[in-house]
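Engineer: Can you read through this structure? Questions will come right after.
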Amino acid sequence: MPELDASDLAERAKQSRPAPTSKLKQRSHFWIRWAHVYTSMISLLLVLFFGITGLTLNHPDWTFGDEVVNRNIGGVLPADAITDGDVEFLVASEHVRVEHGVKGEVADFGQTETDGSITFKGPGYGAELFFEIPSGDYSLTIQEQGFIGVMNDLHKGRDSSTLWRWVIDISAGLLVLISLTGLGIQFFMRKRRLSALSWAIIGTIVGIILIWLAMA
């Protein structure tokens, strides 16, 4: 067997090392797969939530026994809620919250010379308070939807808190990341790359056609 000199050994070692592009490809593949797997797991419940409520939104008749509950309540505001014709809206709103369990955020309020009103809104919830000035006599109408109605409003972000709107934004970002990393993984799969990308193109074309038909 011929002896190898130092230059031969160096050449063989150089040939056995992975090319820089190969190492970059391996690292890219690792991080894309890592991002895809863990964002999928982190957002699993959110994806299921928006998927299921997407179905119930598209089929409003699917109430599963839930019914809208309406309540009409009368009463008198405390004396400090109206002073010299000026309404202390905070006092009035806190009164009905304590006395009648009104929920939601104040969406609107206002007054005229003879009456005033406060509107409360929340997911699947609404309350309207109307009162006379200066007597303080009021009528309160409360409407509460069932569990499905609440979930549907959360899906749309309707009358929700700032925190929930952040949840929707983060969920949307995670779904985009899952989609892009899933597409990126296919570029590293030689055997099924062409097939996967072909189906992605077909799905995109079908989606565009459906959107166009819906807008027509």
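Residues are named by chain letter and number: chains run A, B, ... in the order of the structure tokens, numbers start at 1 in each chain, and ligands are numbered from 1 in the order shown.
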Quick one: everything within 8 Å of stretch 137-154 of chain A, counting only C-alpha atoms, minus sequence neighbours fewer than 6 positions away in the same chain. Send it as a PDB file with N, CA and C atoms, in the first residue's frame.
Structural biologist:
ATOM      1  N   THR A  53     -64.744  27.548  15.685  1.00  0.00           N
ATOM      2  CA  THR A  53     -65.635  28.718  15.678  1.00  0.00           C
ATOM      3  C   THR A  53     -65.830  29.268  14.271  1.00  0.00           C
ATOM      4  N   GLY A  54     -64.891  28.987  13.366  1.00  0.00           N
ATOM      5  CA  GLY A  54     -65.119  29.338  11.966  1.00  0.00           C
ATOM      6  C   GLY A  54     -66.302  28.571  11.401  1.00  0.00           C
ATOM      7  N   THR A  56     -68.870  27.294  13.276  1.00  0.00           N
ATOM      8  CA  THR A  56     -70.107  27.738  13.930  1.00  0.00           C
ATOM      9  C   THR A  56     -70.519  29.124  13.440  1.00  0.00           C
ATOM     10  N   LEU A  57     -69.551  29.963  13.072  1.00  0.00           N
ATOM     11  CA  LEU A  57     -69.883  31.269  12.497  1.00  0.00           C
ATOM     12  C   LEU A  57     -70.560  31.109  11.137  1.00  0.00           C
ATOM     13  N   THR A  63     -76.779  26.113  17.163  1.00  0.00           N
ATOM     14  CA  THR A  63     -76.765  26.703  18.506  1.00  0.00           C
ATOM     15  C   THR A  63     -76.500  25.673  19.596  1.00  0.00           C
ATOM     16  N   PHE A  64     -76.709  24.379  19.268  1.00  0.00           N
ATOM     17  CA  PHE A  64     -76.499  23.286  20.225  1.00  0.00           C
ATOM     18  C   PHE A  64     -77.285  23.517  21.520  1.00  0.00           C
ATOM     19  N   ASP A  66     -78.199  26.365  22.859  1.00  0.00           N
ATOM     20  CA  ASP A  66     -78.014  27.678  23.482  1.00  0.00           C
ATOM     21  C   ASP A  66     -79.154  28.616  23.090  1.00  0.00           C
ATOM     22  N   GLU A  67     -79.607  29.415  24.026  1.00  0.00           N
ATOM     23  CA  GLU A  67     -80.652  30.388  23.752  1.00  0.00           C
ATOM     24  C   GLU A  67     -80.218  31.762  24.247  1.00  0.00           C
ATOM     25  N   VAL A  68     -80.711  32.786  23.541  1.00  0.00           N
ATOM     26  CA  VAL A  68     -80.437  34.157  23.963  1.00  0.00           C
ATOM     27  C   VAL A  68     -81.357  34.484  25.129  1.00  0.00           C
ATOM     28  N   VAL A  69     -80.766  34.999  26.215  1.00  0.00           N
ATOM     29  CA  VAL A  69     -81.532  35.352  27.409  1.00  0.00           C
ATOM     30  C   VAL A  69     -81.685  36.868  27.459  1.00  0.00           C
ATOM     31  N   ASN A  70     -82.934  37.343  27.522  1.00  0.00           N
ATOM     32  CA  ASN A  70     -83.225  38.774  27.623  1.00  0.00           C
ATOM     33  C   ASN A  70     -83.824  39.072  28.989  1.00  0.00           C
ATOM     34  N   ARG A  71     -83.338  40.138  29.609  1.00  0.00           N
ATOM     35  CA  ARG A  71     -83.882  40.560  30.907  1.00  0.00           C
ATOM     36  C   ARG A  71     -84.186  42.048  30.861  1.00  0.00           C
ATOM     37  N   ASN A  72     -85.304  42.440  31.459  1.00  0.00           N
ATOM     38  CA  ASN A  72     -85.687  43.846  31.574  1.00  0.00           C
ATOM     39  C   ASN A  72     -85.866  44.169  33.053  1.00  0.00           C
ATOM     40  N   ILE A  73     -85.139  45.171  33.504  1.00  0.00           N
ATOM     41  CA  ILE A  73     -85.097  45.506  34.926  1.00  0.00           C
ATOM     42  C   ILE A  73     -85.353  47.005  35.086  1.00  0.00           C
ATOM     43  N   GLY A  74     -86.089  47.367  36.125  1.00  0.00           N
ATOM     44  CA  GLY A  74     -86.317  48.767  36.431  1.00  0.00           C
ATOM     45  C   GLY A  74     -85.752  49.135  37.784  1.00  0.00           C
ATOM     46  N   GLY A  75     -85.547  50.416  38.013  1.00  0.00           N
ATOM     47  CA  GLY A  75     -85.021  50.856  39.294  1.00  0.00           C
ATOM     48  C   GLY A  75     -84.810  52.354  39.313  1.00  0.00           C
ATOM     49  N   VAL A  76     -84.161  52.818  40.370  1.00  0.00           N
ATOM     50  CA  VAL A  76     -83.864  54.240  40.540  1.00  0.00           C
ATOM     51  C   VAL A  76     -82.382  54.397  40.852  1.00  0.00           C
ATOM     52  N   LEU A  77     -81.715  55.295  40.161  1.00  0.00           N
ATOM     53  CA  LEU A  77     -80.299  55.554  40.401  1.00  0.00           C
ATOM     54  C   LEU A  77     -80.112  56.238  41.751  1.00  0.00           C
ATOM     55  N   VAL A 102     -74.210  43.762  35.839  1.00  0.00           N
ATOM     56  CA  VAL A 102     -73.921  44.148  34.454  1.00  0.00           C
ATOM     57  C   VAL A 102     -72.431  43.962  34.175  1.00  0.00           C
ATOM     58  N   PRO A 123     -68.235  40.245  24.572  1.00  0.00           N
ATOM     59  CA  PRO A 123     -68.469  39.112  23.681  1.00  0.00           C
ATOM     60  C   PRO A 123     -69.747  38.355  24.049  1.00  0.00           C
ATOM     61  N   GLY A 124     -70.710  38.319  23.121  1.00  0.00           N
ATOM     62  CA  GLY A 124     -71.967  37.628  23.384  1.00  0.00           C
ATOM     63  C   GLY A 124     -72.820  38.299  24.434  1.00  0.00           C
ATOM     64  N   TYR A 125     -72.599  39.594  24.674  1.00  0.00           N
ATOM     65  CA  TYR A 125     -73.282  40.275  25.775  1.00  0.00           C
ATOM     66  C   TYR A 125     -73.564  41.724  25.407  1.00  0.00           C
ATOM     67  N   GLY A 126     -74.716  42.226  25.843  1.00  0.00           N
ATOM     68  CA  GLY A 126     -75.044  43.632  25.637  1.00  0.00           C
ATOM     69  C   GLY A 126     -76.027  44.100  26.694  1.00  0.00           C
ATOM     70  N   ALA A 127     -75.891  45.334  27.156  1.00  0.00           N
ATOM     71  CA  ALA A 127     -76.813  45.909  28.141  1.00  0.00           C
ATOM     72  C   ALA A 127     -77.031  47.372  27.796  1.00  0.00           C
ATOM     73  N   GLU A 128     -78.286  47.812  27.904  1.00  0.00           N
ATOM     74  CA  GLU A 128     -78.659  49.203  27.617  1.00  0.00           C
ATOM     75  C   GLU A 128     -79.349  49.782  28.848  1.00  0.00           C
ATOM     76  N   LEU A 129     -78.803  50.863  29.360  1.00  0.00           N
ATOM     77  CA  LEU A 129     -79.386  51.545  30.508  1.00  0.00           C
ATOM     78  C   LEU A 129     -79.950  52.891  30.050  1.00  0.00           C
ATOM     79  N   PHE A 130     -81.244  53.095  30.277  1.00  0.00           N
ATOM     80  CA  PHE A 130     -81.891  54.368  29.971  1.00  0.00           C
ATOM     81  C   PHE A 130     -82.472  54.934  31.270  1.00  0.00           C
ATOM     82  N   PHE A 131     -82.237  56.224  31.504  1.00  0.00           N
ATOM     83  CA  PHE A 131     -82.726  56.824  32.749  1.00  0.00           C
ATOM     84  C   PHE A 131     -83.233  58.243  32.505  1.00  0.00           C
ATOM     85  N   SER A 160     -64.408  42.863  22.294  1.00  0.00           N
ATOM     86  CA  SER A 160     -63.465  42.166  23.169  1.00  0.00           C
ATOM     87  C   SER A 160     -62.448  43.144  23.748  1.00  0.00           C
ATOM     88  N   TRP A 164     -57.502  40.388  24.418  1.00  0.00           N
ATOM     89  CA  TRP A 164     -57.963  39.382  23.454  1.00  0.00           C
ATOM     90  C   TRP A 164     -57.601  39.771  22.029  1.00  0.00           C
TER      91      TRP A 164
END
Engineer: Any chance you could list, as JSON, numbers by chain, the residues in stretch 2-193 of chain A that come up helix (DSSP H, G or I) when DSSP is run on the backbone?
Structural biologist: {"A": [6, 7, 8, 9, 10, 11, 12, 13, 14, 15, 16, 20, 21, 22, 23, 24, 25, 26, 27, 28, 29, 30, 31, 32, 33, 34, 35, 36, 37, 38, 39, 40, 41, 42, 44, 45, 46, 47, 48, 49, 50, 51, 52, 53, 54, 55, 56, 57, 58, 79, 80, 81, 89, 90, 91, 92, 93, 94, 95, 96, 97, 98, 99, 100, 147, 148, 149, 150, 151, 152, 153, 154, 155, 156, 162, 163, 164, 165, 166, 167, 168, 169, 170, 171, 172, 173, 174, 175, 176, 177, 178, 179, 180, 181, 182, 183, 184, 185, 186, 193]}
Engineer: When you draw a straight line from atom CA of A:Ser43 to atom CA of A:Lys25, how long is it in Å?
Structural biologist: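 Atom CA of A:Ser43 sits 26.8 Å away from atom CA of A:Lys25.
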Engineer: Please compute the atom CA of A:His36-atom CA of A:Leu175 distance, one decimal, in Å.
Structural biologist: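 Distance between the two atoms: 10.0 Å.
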Engineer: Apply DSSP to the backbone of this structure and, from stretch 65-113 of chain A, keep only the residues in strand (DSSP E); write these as a VMD selection string.
Structural biologist: chain A and resid 69 to 76 82 to 83 86 to 87 105 to 111
Engineer: Tell me which of A:Gly122, A:Gly51, A:Pro134, A:Gly173 sits closest to A:Ser161, counting only C-alpha atoms.
Structural biologist: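 So, comparing all the options, the nearest one is A:Gly122.
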Engineer: For the atom pair atom CA of A:Glu132 and atom CA of A:Thr114, what is the interatomic distance in Å to one decimal place?
Structural biologist: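 Result for atom CA of A:Glu132 versus atom CA of A:Thr114: 6.0 Å, one decimal.
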Engineer: Env of A:Val47: 12 Å cut, atoms = only C-alpha atoms, seq-sep filter 2 positions within chain, self excluded. Answer as an MDAnalysis selection string.
Structural biologist: chainID A and resid 39:45 49:54 155 167:168 170:176 178
